[in-house]
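Note: the block below is coords27.txt and it holds compact mmCIF, C-alpha atoms and all ligand atoms.
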```txt
# COMPACT_ATOMS: atom_id res chain seq x y z
CA MET A 8 227.49 -3.75 93.50
CA ALA A 9 225.51 -5.42 96.27
CA ASP A 10 226.71 -8.37 98.31
CA ILE A 11 224.44 -11.37 97.94
CA ILE A 12 222.69 -12.63 101.07
CA ASP A 13 223.15 -16.39 101.15
CA GLY A 14 219.91 -17.69 102.66
CA LYS A 15 220.80 -21.27 101.91
CA ARG A 16 223.97 -21.09 103.97
CA VAL A 17 222.22 -19.50 106.95
CA ALA A 18 219.33 -21.98 106.71
CA ASP A 19 221.72 -24.95 106.48
CA ASN A 20 223.43 -23.76 109.67
CA ILE A 21 220.11 -23.52 111.52
CA CYS A 22 219.15 -27.04 110.38
CA LYS A 23 222.58 -28.44 111.28
CA LYS A 24 222.27 -27.07 114.83
CA LEU A 25 218.74 -28.43 115.15
CA LYS A 26 219.82 -31.88 113.97
CA GLU A 27 222.51 -31.88 116.64
CA LYS A 28 220.03 -30.88 119.36
CA LEU A 29 217.56 -33.54 118.25
CA LYS A 30 220.20 -36.25 118.71
CA HIS A 31 220.06 -35.57 122.45
CA GLU A 32 216.27 -35.82 122.76
CA SER A 33 214.69 -39.03 124.02
CA SER A 34 211.74 -38.73 121.64
CA THR A 35 211.18 -37.43 118.11
CA PRO A 36 209.18 -34.26 117.37
CA THR A 37 206.25 -34.89 115.04
CA LEU A 38 204.81 -32.47 112.53
CA ALA A 39 201.37 -33.13 111.00
CA VAL A 40 200.89 -31.54 107.58
CA ILE A 41 197.49 -31.22 105.94
CA LEU A 42 197.43 -30.85 102.17
CA ALA A 43 193.89 -30.17 100.99
CA ASN A 44 194.31 -28.54 97.61
CA ASN A 45 195.37 -29.55 94.16
CA ASN A 46 197.92 -26.82 93.70
CA SER A 47 201.22 -28.03 92.19
CA ALA A 48 203.27 -25.41 94.07
CA SER A 49 201.73 -26.57 97.38
CA LYS A 50 202.64 -30.17 96.59
CA ILE A 51 206.25 -29.12 95.95
CA TYR A 52 206.35 -27.10 99.22
CA VAL A 53 204.96 -30.05 101.22
CA SER A 54 207.52 -32.45 99.68
CA ALA A 55 210.32 -30.00 100.52
CA LYS A 56 209.11 -29.77 104.13
CA GLU A 57 208.87 -33.57 104.36
CA LYS A 58 212.41 -33.97 102.97
CA LYS A 59 213.98 -31.40 105.28
CA SER A 60 212.20 -32.85 108.32
CA SER A 61 213.52 -36.32 107.62
CA GLN A 62 217.05 -34.96 107.08
CA ILE A 63 217.16 -33.38 110.52
CA GLY A 64 215.19 -35.99 112.48
CA ILE A 65 211.63 -34.64 112.65
CA LYS A 66 208.83 -37.10 111.90
CA THR A 67 206.15 -35.89 109.49
CA CYS A 68 202.63 -37.25 109.02
CA ILE A 69 201.21 -35.94 105.76
CA TYR A 70 197.43 -35.96 105.32
CA ARG A 71 196.63 -35.59 101.62
CA PHE A 72 193.03 -35.06 100.55
CA ASP A 73 191.22 -34.92 97.25
CA SER A 74 188.44 -32.41 96.64
CA SER A 75 185.81 -34.65 98.26
CA ILE A 76 187.13 -33.66 101.72
CA THR A 77 184.46 -31.85 103.74
CA GLN A 78 184.84 -29.02 106.23
CA GLY A 79 183.41 -31.33 108.91
CA ASN A 80 185.98 -34.08 108.28
CA LEU A 81 188.85 -31.60 108.30
CA ILE A 82 187.63 -30.10 111.58
CA LYS A 83 187.38 -33.61 113.05
CA LEU A 84 190.97 -34.37 111.98
CA ILE A 85 192.30 -31.16 113.56
CA HIS A 86 190.53 -31.95 116.84
CA GLU A 87 192.11 -35.41 116.78
CA LEU A 88 195.58 -33.97 116.10
CA ASN A 89 195.08 -31.39 118.87
CA ALA A 90 194.30 -34.21 121.32
CA ASP A 91 197.13 -36.48 120.15
CA ASP A 92 200.11 -36.04 122.51
CA SER A 93 202.48 -37.54 119.95
CA VAL A 94 201.80 -34.64 117.53
CA ASN A 95 203.75 -31.46 118.35
CA GLY A 96 203.00 -29.24 115.37
CA ILE A 97 200.10 -28.91 112.94
CA LEU A 98 200.55 -27.21 109.58
CA VAL A 99 197.71 -26.56 107.15
CA GLN A 100 199.20 -25.93 103.72
CA LEU A 101 197.46 -22.90 102.21
CA PRO A 102 195.43 -22.29 100.16
CA LEU A 103 192.74 -24.91 100.88
CA TYR A 104 190.19 -26.11 98.31
CA LYS A 105 187.82 -23.22 97.64
CA HIS A 106 184.83 -24.94 99.29
CA LEU A 107 186.68 -25.09 102.63
CA ASN A 108 186.60 -22.26 105.17
CA GLN A 109 190.27 -21.51 105.77
CA ASN A 110 189.82 -19.22 108.78
CA GLU A 111 187.61 -21.69 110.61
CA ILE A 112 190.22 -24.41 110.09
CA LEU A 113 193.18 -22.28 111.21
CA ASN A 114 191.28 -21.01 114.25
CA ILE A 115 190.67 -24.46 115.77
CA ILE A 116 194.32 -25.51 115.77
CA ASP A 117 195.66 -25.63 119.33
CA PRO A 118 197.76 -22.41 119.53
CA LYS A 119 200.54 -24.45 121.19
CA LYS A 120 200.66 -26.71 118.10
CA ASP A 121 200.21 -23.86 115.60
CA VAL A 122 203.62 -24.24 113.97
CA ASP A 123 202.91 -21.53 111.36
CA GLY A 124 201.84 -18.98 113.98
CA PHE A 125 198.62 -18.10 112.13
CA HIS A 126 196.14 -18.70 114.98
CA PRO A 127 194.56 -15.47 116.33
CA ILE A 128 196.11 -16.14 119.75
CA ASN A 129 199.55 -16.19 118.15
CA THR A 130 198.93 -13.23 115.85
CA GLY A 131 197.50 -11.33 118.85
CA ARG A 132 200.56 -12.17 120.92
CA LEU A 133 202.80 -11.03 118.06
CA CYS A 134 200.81 -7.80 117.79
CA SER A 135 201.18 -7.16 121.53
CA ASN A 136 204.83 -8.26 121.53
CA LEU A 137 203.96 -10.98 124.05
CA ASN A 138 205.91 -14.08 122.97
CA PRO A 139 203.74 -15.97 120.49
CA TYR A 140 204.07 -19.77 120.77
CA ALA A 141 205.27 -19.62 117.14
CA ILE A 142 206.20 -16.73 114.86
CA PRO A 143 205.22 -17.14 111.17
CA CYS A 144 208.11 -18.86 109.39
CA THR A 145 208.86 -16.43 106.55
CA PRO A 146 208.91 -13.26 108.72
CA LYS A 147 210.99 -15.11 111.32
CA GLY A 148 213.40 -16.25 108.59
CA ILE A 149 213.78 -12.70 107.28
CA LEU A 150 214.53 -11.37 110.76
CA LYS A 151 217.18 -14.05 111.21
CA LEU A 152 218.75 -13.21 107.85
CA LEU A 153 218.96 -9.50 108.71
CA ASN A 154 220.44 -10.38 112.08
CA GLU A 155 222.96 -12.80 110.56
CA TYR A 156 224.21 -10.08 108.19
CA GLY A 157 224.56 -7.56 111.03
CA ILE A 158 221.78 -5.28 109.80
CA LYS A 159 220.49 -3.19 112.68
CA LEU A 160 216.78 -2.44 112.75
CA GLN A 161 216.50 0.24 115.41
CA GLY A 162 215.24 3.47 113.86
CA LYS A 163 215.62 2.16 110.29
CA ASN A 164 213.00 2.95 107.68
CA VAL A 165 211.69 -0.41 106.53
CA VAL A 166 209.18 -0.68 103.72
CA VAL A 167 207.29 -3.96 103.40
CA VAL A 168 205.39 -4.35 100.12
CA GLY A 169 202.53 -6.85 100.48
CA ARG A 170 200.08 -7.13 103.37
CA SER A 171 199.13 -10.82 103.44
CA ASN A 172 198.39 -12.51 106.77
CA ILE A 173 201.19 -14.96 106.02
CA VAL A 174 204.07 -12.62 105.20
CA GLY A 175 203.52 -8.85 105.01
CA LYS A 176 201.40 -8.19 108.08
CA PRO A 177 203.23 -10.42 110.59
CA LEU A 178 206.56 -9.19 109.17
CA ALA A 179 205.56 -5.55 109.72
CA LEU A 180 204.61 -6.38 113.33
CA LEU A 181 207.80 -8.32 113.98
CA LEU A 182 210.01 -5.53 112.61
CA THR A 183 208.06 -2.93 114.59
CA ASN A 184 208.68 -5.01 117.72
CA HIS A 185 212.38 -4.75 116.85
CA ASP A 186 212.26 -0.96 116.79
CA ALA A 187 212.16 -0.41 113.03
CA THR A 188 209.95 2.33 111.56
CA VAL A 189 207.77 0.26 109.26
CA THR A 190 205.63 1.29 106.30
CA LEU A 191 203.32 -1.44 104.99
CA ALA A 192 202.49 -0.92 101.32
CA HIS A 193 200.09 -2.94 99.17
CA SER A 194 198.24 -3.05 95.87
CA LYS A 195 196.15 0.04 96.70
CA THR A 196 199.15 2.12 97.81
CA LYS A 197 199.56 5.32 95.82
CA ASP A 198 202.96 6.25 94.40
CA LEU A 199 204.77 3.15 95.62
CA LYS A 200 208.11 4.43 94.29
CA LYS A 201 207.99 7.53 96.51
CA ILE A 202 207.61 5.24 99.53
CA THR A 203 210.16 2.56 98.57
CA LYS A 204 212.78 5.22 97.74
CA ASN A 205 212.78 6.13 101.42
CA ALA A 206 213.55 2.59 102.59
CA ASP A 207 216.80 1.66 104.29
CA ILE A 208 215.50 -1.88 104.08
CA LEU A 209 213.04 -2.78 101.33
CA ILE A 210 211.17 -6.08 101.53
CA SER A 211 208.85 -7.18 98.76
CA ALA A 212 206.29 -10.00 99.12
CA THR A 213 203.80 -9.67 96.30
CA GLY A 214 204.36 -12.45 93.73
CA HIS A 215 204.60 -9.74 91.07
CA PRO A 216 207.82 -10.25 89.01
CA LYS A 217 209.97 -7.14 88.46
CA LEU A 218 207.66 -4.98 90.57
CA ILE A 219 210.73 -3.53 92.28
CA THR A 220 212.91 -1.77 89.73
CA ALA A 221 216.23 0.00 90.30
CA ASP A 222 214.67 3.48 90.31
CA MET A 223 212.53 2.49 93.31
CA VAL A 224 215.54 1.63 95.48
CA LYS A 225 217.62 4.05 97.55
CA LYS A 226 221.37 3.76 96.92
CA GLY A 227 222.85 1.39 99.50
CA ALA A 228 219.53 -0.06 100.66
CA VAL A 229 219.14 -3.65 101.81
CA VAL A 230 216.70 -5.48 99.52
CA ILE A 231 214.89 -8.64 100.58
CA ASP A 232 212.89 -10.47 97.92
CA VAL A 233 210.21 -12.80 99.27
CA GLY A 234 208.33 -13.27 96.00
CA ILE A 235 208.40 -16.58 94.18
CA THR A 236 206.88 -16.87 90.73
CA ARG A 237 207.41 -19.78 88.37
CA GLN A 238 207.78 -18.47 84.83
CA LEU A 239 206.64 -20.29 81.70
CA ASP A 240 210.23 -21.53 81.20
CA LYS A 241 209.92 -23.05 84.75
CA LYS A 242 212.52 -20.60 86.13
CA LEU A 243 211.76 -19.19 89.59
CA VAL A 244 211.84 -15.41 89.87
CA GLY A 245 211.22 -12.97 92.69
CA ASP A 246 209.54 -9.55 92.84
CA VAL A 247 212.80 -7.66 92.34
CA ASP A 248 214.50 -6.86 89.05
CA PHE A 249 217.62 -8.48 90.49
CA GLU A 250 220.17 -7.74 87.73
CA LYS A 251 219.51 -3.98 87.85
CA VAL A 252 218.66 -3.57 91.55
CA LYS A 253 221.89 -5.29 92.64
CA ASN A 254 223.80 -2.25 91.31
CA GLN A 255 221.79 0.03 93.58
CA ALA A 256 221.55 -2.04 96.79
CA SER A 257 224.24 -2.80 99.37
CA LEU A 258 222.86 -6.26 100.15
CA ILE A 259 220.27 -8.30 98.29
CA THR A 260 218.67 -11.73 98.47
CA PRO A 261 218.56 -13.91 95.36
CA VAL A 262 215.59 -15.98 94.22
CA PRO A 263 215.96 -18.89 94.68
CA GLY A 264 218.40 -19.27 97.58
CA GLY A 265 217.41 -16.27 99.69
CA VAL A 266 214.26 -16.21 101.83
CA GLY A 267 212.87 -19.60 100.68
CA PRO A 268 215.35 -21.87 102.52
CA MET A 269 214.94 -19.70 105.64
CA THR A 270 211.20 -20.33 105.67
CA ILE A 271 211.70 -24.09 105.82
CA ALA A 272 214.50 -23.81 108.41
CA CYS A 273 212.21 -21.70 110.62
CA LEU A 274 209.42 -24.26 110.23
CA MET A 275 211.84 -26.88 111.53
CA GLU A 276 212.84 -24.59 114.40
CA ASN A 277 209.21 -23.82 115.27
CA THR A 278 208.41 -27.56 115.35
CA TYR A 279 211.33 -28.14 117.70
CA GLU A 280 210.35 -25.21 119.94
CA LEU A 281 206.74 -26.41 120.22
CA PHE A 282 208.02 -29.92 120.99
CA LYS A 283 210.12 -28.47 123.85
CA LEU A 284 207.15 -26.45 125.07
CA GLN A 285 205.05 -29.60 125.27
CA ASN A 286 207.71 -31.92 126.76
P1 LIG A 301 199.27 -12.74 98.65
O1 LIG A 301 198.81 -12.87 97.25
O2 LIG A 301 198.44 -13.24 99.76
O3 LIG A 301 199.56 -11.20 98.93
C1 LIG A 301 200.21 -10.41 97.99
C2 LIG A 301 200.27 -9.00 98.52
O4 LIG A 301 200.96 -8.22 97.57
C3 LIG A 301 198.91 -8.35 98.74
O5 LIG A 301 198.88 -7.77 100.02
C4 LIG A 301 198.81 -7.28 97.66
O6 LIG A 301 198.16 -6.11 98.14
C5 LIG A 301 200.26 -6.99 97.37
N1 LIG A 301 200.47 -6.57 95.97
C6 LIG A 301 200.13 -7.26 94.86
N2 LIG A 301 200.44 -6.54 93.75
C7 LIG A 301 200.99 -5.39 94.19
C8 LIG A 301 201.51 -4.23 93.54
N3 LIG A 301 201.51 -4.14 92.20
N4 LIG A 301 201.96 -3.24 94.30
C9 LIG A 301 201.97 -3.33 95.64
N5 LIG A 301 201.50 -4.39 96.33
C10 LIG A 301 201.02 -5.40 95.60
O7 LIG A 301 200.71 -13.38 98.66
P2 LIG A 301 201.65 -13.98 99.83
O8 LIG A 301 201.13 -15.27 100.27
O9 LIG A 301 201.97 -12.93 100.84
O10 LIG A 301 202.96 -14.25 98.96
C11 LIG A 301 203.60 -13.20 98.27
C12 LIG A 301 204.74 -13.77 97.45
O11 LIG A 301 205.69 -14.33 98.33
C13 LIG A 301 204.33 -14.89 96.49
O12 LIG A 301 205.16 -14.83 95.36
C14 LIG A 301 204.65 -16.14 97.28
O13 LIG A 301 204.94 -17.26 96.44
C15 LIG A 301 205.89 -15.70 98.00
N6 LIG A 301 206.16 -16.40 99.25
C16 LIG A 301 207.44 -16.78 99.42
C17 LIG A 301 207.80 -17.41 100.59
C18 LIG A 301 209.21 -17.81 100.77
O14 LIG A 301 209.50 -18.60 101.64
N7 LIG A 301 210.14 -17.23 99.99
C19 LIG A 301 206.86 -17.65 101.57
C20 LIG A 301 205.55 -17.21 101.39
C21 LIG A 301 205.22 -16.56 100.21
```
Using the file provided, produce a representation of the structure as structure tokens.
Ligand code: NAD
Amino acid sequence: MADIIDGKRVADNICKKLKEKLKHESSTPTLAVILANNNSASKIYVSAKEKKSSQIGIKTCIYRFDSSITQGNLIKLIHELNADDSVNGILVQLPLYKHLNQNEILNIIDPKKDVDGFHPINTGRLCSNLNPYAIPCTPKGILKLLNEYGIKLQGKNVVVVGRSNIVGKPLALLLTNHDATVTLAHSKTKDLKKITKNADILISATGHPKLITADMVKKGAVVIDVGITRQLDKKLVGDVDFEKVKNQASLITPVPGGVGPMTIACLMENTYELFKLQN
């Protein structure tokens, strides 16, 4: 049976170290968070980010908007935050209200304050393996987890299921930069099982519960579950049929307590790193 990867423990260690470092700084890093949607999951994520920031000594300024917010006013706010030397990181919680143009908003964030690493300058730098100012938090968290558990990437067959700009695509680039042989699968991929069966490391980020079943996993593979879906009974589940896949894998992340805490820890780390870059 697989060992369980304890993302909470690894994330707590990262946050503890950051808190210690922040005690020696003469000023406090500030993270601006823009919440312009009415999505209950987004509200929970923003509260979690606010709570973790305050625990480790990062100041947050949360800008909450109702649906009357215009594209023009949001653009104006981002320009103001870009120009404000007291703000070190800017995070736009996605998705935005449907009437807002997400790409236009993300593209005007100063790349040196782009704490999520979604600006084209940062994605381009990631693609070219040229030190982005920030690496997207979930892919960065997954890399740290693999590293923490001594999983080598060089020459490994890694299958990433899900090609979003937030998780799948940057993760595939990051792992490629670390010498893995990466296959990026998605909803139009044919015969997914044939591909996942070949994975030494299988990472699923689809939001599709029980997409990854035991027969899709090679014996002894490492399985990382990024998916988070809230069921009708309010329970959080991942993409992986955990109870059955754990008998097939050598290491596996749970949901919750796997990738999720790492994402927040990496957001904290990115905020600190941008603060150091600017000070
Ligand atoms: P998204 O909806 O933008 O992308 C989903 C991807 O999954 C798409 O590329 C799609 O092609 C692929 N997909 C969907 N159904 C599929 C199928 N049947 N077979 C193969 N591929 C399929 O989602 P996202 O923003 O990348 O998030 C994915 C999941 O990860 C969600 O559950 C989200 O809540 C979760 N998530 C978790 C964290 C975390 O910190 N743990 C962070 C971000 C996202």
Exercise for the section: Compute the set of protein, DNA and RNA residues whose minimum atom distance to ligand LIG 301 (chain A) is at most 8 Å, using all atoms listed in the file, and state it as a PyMOL selection string. Expected result: chain A and resi 144-145+168-175+192-196+199+211-215+218+232-236+245-246+265-271
Selected residues written out, C-alpha atoms, as a CSV table (one decimal), in the coordinates of the input:
```csv
chain,number,residue,atom,x,y,z
A,144,CYS,CA,208.1,-18.9,109.4
A,145,THR,CA,208.9,-16.4,106.6
A,168,VAL,CA,205.4,-4.4,100.1
A,169,GLY,CA,202.5,-6.8,100.5
A,170,ARG,CA,200.1,-7.1,103.4
A,171,SER,CA,199.1,-10.8,103.4
A,172,ASN,CA,198.4,-12.5,106.8
A,173,ILE,CA,201.2,-15.0,106.0
A,174,VAL,CA,204.1,-12.6,105.2
A,175,GLY,CA,203.5,-8.8,105.0
A,192,ALA,CA,202.5,-0.9,101.3
A,193,HIS,CA,200.1,-2.9,99.2
A,194,SER,CA,198.2,-3.0,95.9
A,195,LYS,CA,196.2,0.0,96.7
A,196,THR,CA,199.2,2.1,97.8
A,199,LEU,CA,204.8,3.2,95.6
A,211,SER,CA,208.8,-7.2,98.8
A,212,ALA,CA,206.3,-10.0,99.1
A,213,THR,CA,203.8,-9.7,96.3
A,214,GLY,CA,204.4,-12.4,93.7
A,215,HIS,CA,204.6,-9.7,91.1
A,218,LEU,CA,207.7,-5.0,90.6
A,232,ASP,CA,212.9,-10.5,97.9
A,233,VAL,CA,210.2,-12.8,99.3
A,234,GLY,CA,208.3,-13.3,96.0
A,235,ILE,CA,208.4,-16.6,94.2
A,236,THR,CA,206.9,-16.9,90.7
A,245,GLY,CA,211.2,-13.0,92.7
A,246,ASP,CA,209.5,-9.6,92.8
A,265,GLY,CA,217.4,-16.3,99.7
A,266,VAL,CA,214.3,-16.2,101.8
A,267,GLY,CA,212.9,-19.6,100.7
A,268,PRO,CA,215.4,-21.9,102.5
A,269,MET,CA,214.9,-19.7,105.6
A,270,THR,CA,211.2,-20.3,105.7
A,271,ILE,CA,211.7,-24.1,105.8
```
Practice task
Name all residues at most 12 Å from Gly124 of chain A (count only C-alpha atoms; drop same-chain ones fewer than 2 positions away) and give them as a PyMOL selection string.
Solution key: chain A and resi 96-99+113-114+116-122+126-134+138-147+172-174+177-178+273-274+277-278+281
Practice task
Identify, on the basis of only C-alpha atoms, every residue whose closest approach to segment 51-57 of chain A does not exceed 9 Å; exclude the query and any residue fewer than 2 positions from it along the same chain; express the result as a list in words.
Solution key: Val40, Ile41, Leu42, Asn46, Ser47, Ala48, Ser49, Lys59, Ser60, Ser61, Gln62, Ile65, Lys66, Thr67, Cys68, Ile69, Gln100, Ile271, Leu274 and Met275 of chain A
Completion exercise
As a check of understanding: the span from atom CA of Asp19 of chain A to atom CA of Pro261 of chain A is 16.0 Å
Practice task
Quick one: pull the distance between atom CA of Lys204 of chain A and atom CA of Gln238 of chain A, Å, one decimal.
Solution key: 27.4 Å
Handout entry: Atomic distance atom CA of His86 of chain A - atom CA of Gln285 of chain A, expressed in Å with one decimal
Key = 17.0 Å
Exercise for the section: May I ask which of the residues A:Leu29, A:Ile112, A:His106, A:Ile208 is the closest one to Lys159 of chain A, counting all atoms listed in the file? Expected result: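 For Lys159 of chain A, the nearest of the candidates is A:Ile208.
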Exercise for the section: Find the spatial neighbours of Lys251 of chain A, counting all atoms listed in the file, within a cut-off of 10 Å - ignore same-chain residues fewer than 5 positions away - and output them as a ChimeraX atom specification. Expected result: /A:8,219-222,256
Practice task
Go through A:Ile231, A:Val262, A:Lys23, A:Val165 one by one, measure the shortest atom-to-atom distance of each to Gly148 of chain A using only C-alpha atoms, and give the residue with the smallest value.
Solution key: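 Of A:Ile231, A:Val262, A:Lys23, A:Val165, the one nearest Gly148 of chain A is A:Ile231, counting only C-alpha atoms.
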